[in-house]
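Data first, discussion second: the structure below is written as structure tokens.
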Amino acid sequence: MAKSIKPKDVERIARLQCTRAEAAAFLGIRVSSFDRLLRNNERVKDAWERGKQMGRISLRRKQHRLAAVNAPMSIFLGKNYLGQQDKVTTEHTGADGGPIEFDATKLTSEERDALRRLITRGSAEGS
């Protein structure tokens with residue numbers, strides 16, 4: 001590789017969370033050359049990793065600042081870092097919190113046939 005690559009340039013592009021292909025284009029080399037450089041040059045590899053991590057820190061800092069004035073960002077951070085979640089519980093109950101009462105004897109024969117078909121279909125799908 002005839003081109004001289006400076007670790008500080010690699011770190012700078014990595015801070016922007018660029019892909020390897022984007023980094024190679026920025027540096028004016030092929031992706032395969034960039035991959036080889038990462039494998040064989042510890043200083044460049046360290047610069048790449050440090051740049052990626054510093055870019056994430058910078059992004060996280062900006063998100064936290066934004067969360068102070070932007071409710072959706074605050075919600076996003078809570079869900080992703082604090083394990084918070086939207087949870088909806090639906091409970092169906094009968095009178096006084098008891099079971100839902102159902103009297104099949106009050107159904108017409110057509111309604112009983114339709115119910116039988118539904119139960120049969122549900123049983124077949126469940127097996």
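The way I read the labels, and the way they are meant: chains A, B, ... in the order of the structure tokens, residue 1 as the first residue of every chain, and ligand 1 as the first ligand shown, with later ones counted on from there.
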Determine which residues of chain A receive a DSSP assignment of alpha helix (DSSP H), computed from the backbone, and state them as a ChimeraX atom specification. /A:7-15,20-27,31-40,42-67,71-81,109-126
What is the CA of Ala21 (chain A)-CA of Arg60 (chain A) distance in Å, reported with one decimal? 24.0 Å
Need the shell around Ala24 (chain A): protein/DNA/RNA residues with any atom at most 10 Å away, counting only C-alpha atoms. Skip same-chain ones fewer than 5 positions apart. Format as a short mmCIF file (atom, residue, chain, number, x, y, z; two decimals) with C-alpha atoms, in the first residue's frame?
```
data_model
loop_
_atom_site.label_atom_id
_atom_site.label_comp_id
_atom_site.auth_asym_id
_atom_site.auth_seq_id
_atom_site.Cartn_x
_atom_site.Cartn_y
_atom_site.Cartn_z
CA VAL A 10 -8.88 6.93 10.69
CA ILE A 13 -13.76 9.20 10.24
CA CYS A 18 -18.76 5.48 9.06
CA THR A 19 -18.76 2.02 7.56
CA ILE A 29 -8.13 3.17 -0.80
CA ARG A 30 -10.08 -0.01 -1.53
CA VAL A 31 -12.14 -1.69 1.18
CA SER A 32 -9.92 -4.78 1.03
CA SER A 33 -6.88 -2.55 1.63
CA PHE A 34 -8.59 -0.89 4.58
CA ASP A 35 -9.53 -4.29 6.04
#
```
Could you tell me which of A:Gly51, A:Pro99, A:Gly83, A:Pro72 comes closest to Glu11 (chain A) if we count only C-alpha atoms?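 Nearest to Glu11 (chain A): A:Gly51.
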I'd like the contact shell of Arg50 (chain A) - 10 Å cut-off, only C-alpha atoms, skipping same-chain residues fewer than 5 positions apart - returned as JSON, numbers by chain. {"A": [10, 11, 12, 14, 15, 44, 45, 55, 56]}
Got time to write the residues from that selection, C-alpha atoms, as a tab-separated table (two decimals), in the first residue's frame?
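The result, written out as result_32.tsv:
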```
chain	number	residue	atom	x	y	z
A	10	VAL	CA	-8.88	6.93	10.69
A	11	GLU	CA	-10.05	7.96	14.17
A	12	ARG	CA	-11.70	11.11	12.82
A	14	ALA	CA	-14.59	6.44	12.76
A	15	ARG	CA	-16.06	9.05	15.15
A	44	VAL	CA	-4.68	2.12	12.89
A	45	LYS	CA	-6.86	-0.61	14.43
A	55	GLY	CA	-18.39	8.74	18.34
A	56	ARG	CA	-20.88	6.69	20.36
```
Between A:Leu118, A:Ala104, A:Leu16, A:Ile5, smallest distance to Met54 (chain A) by only C-alpha atoms belongs to A:Leu16
Could you tell me how far CA of Ile57 (chain A) lies from CA of Ala25 (chain A), in Å and to one decimal?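 It comes out at 24.3 Å.
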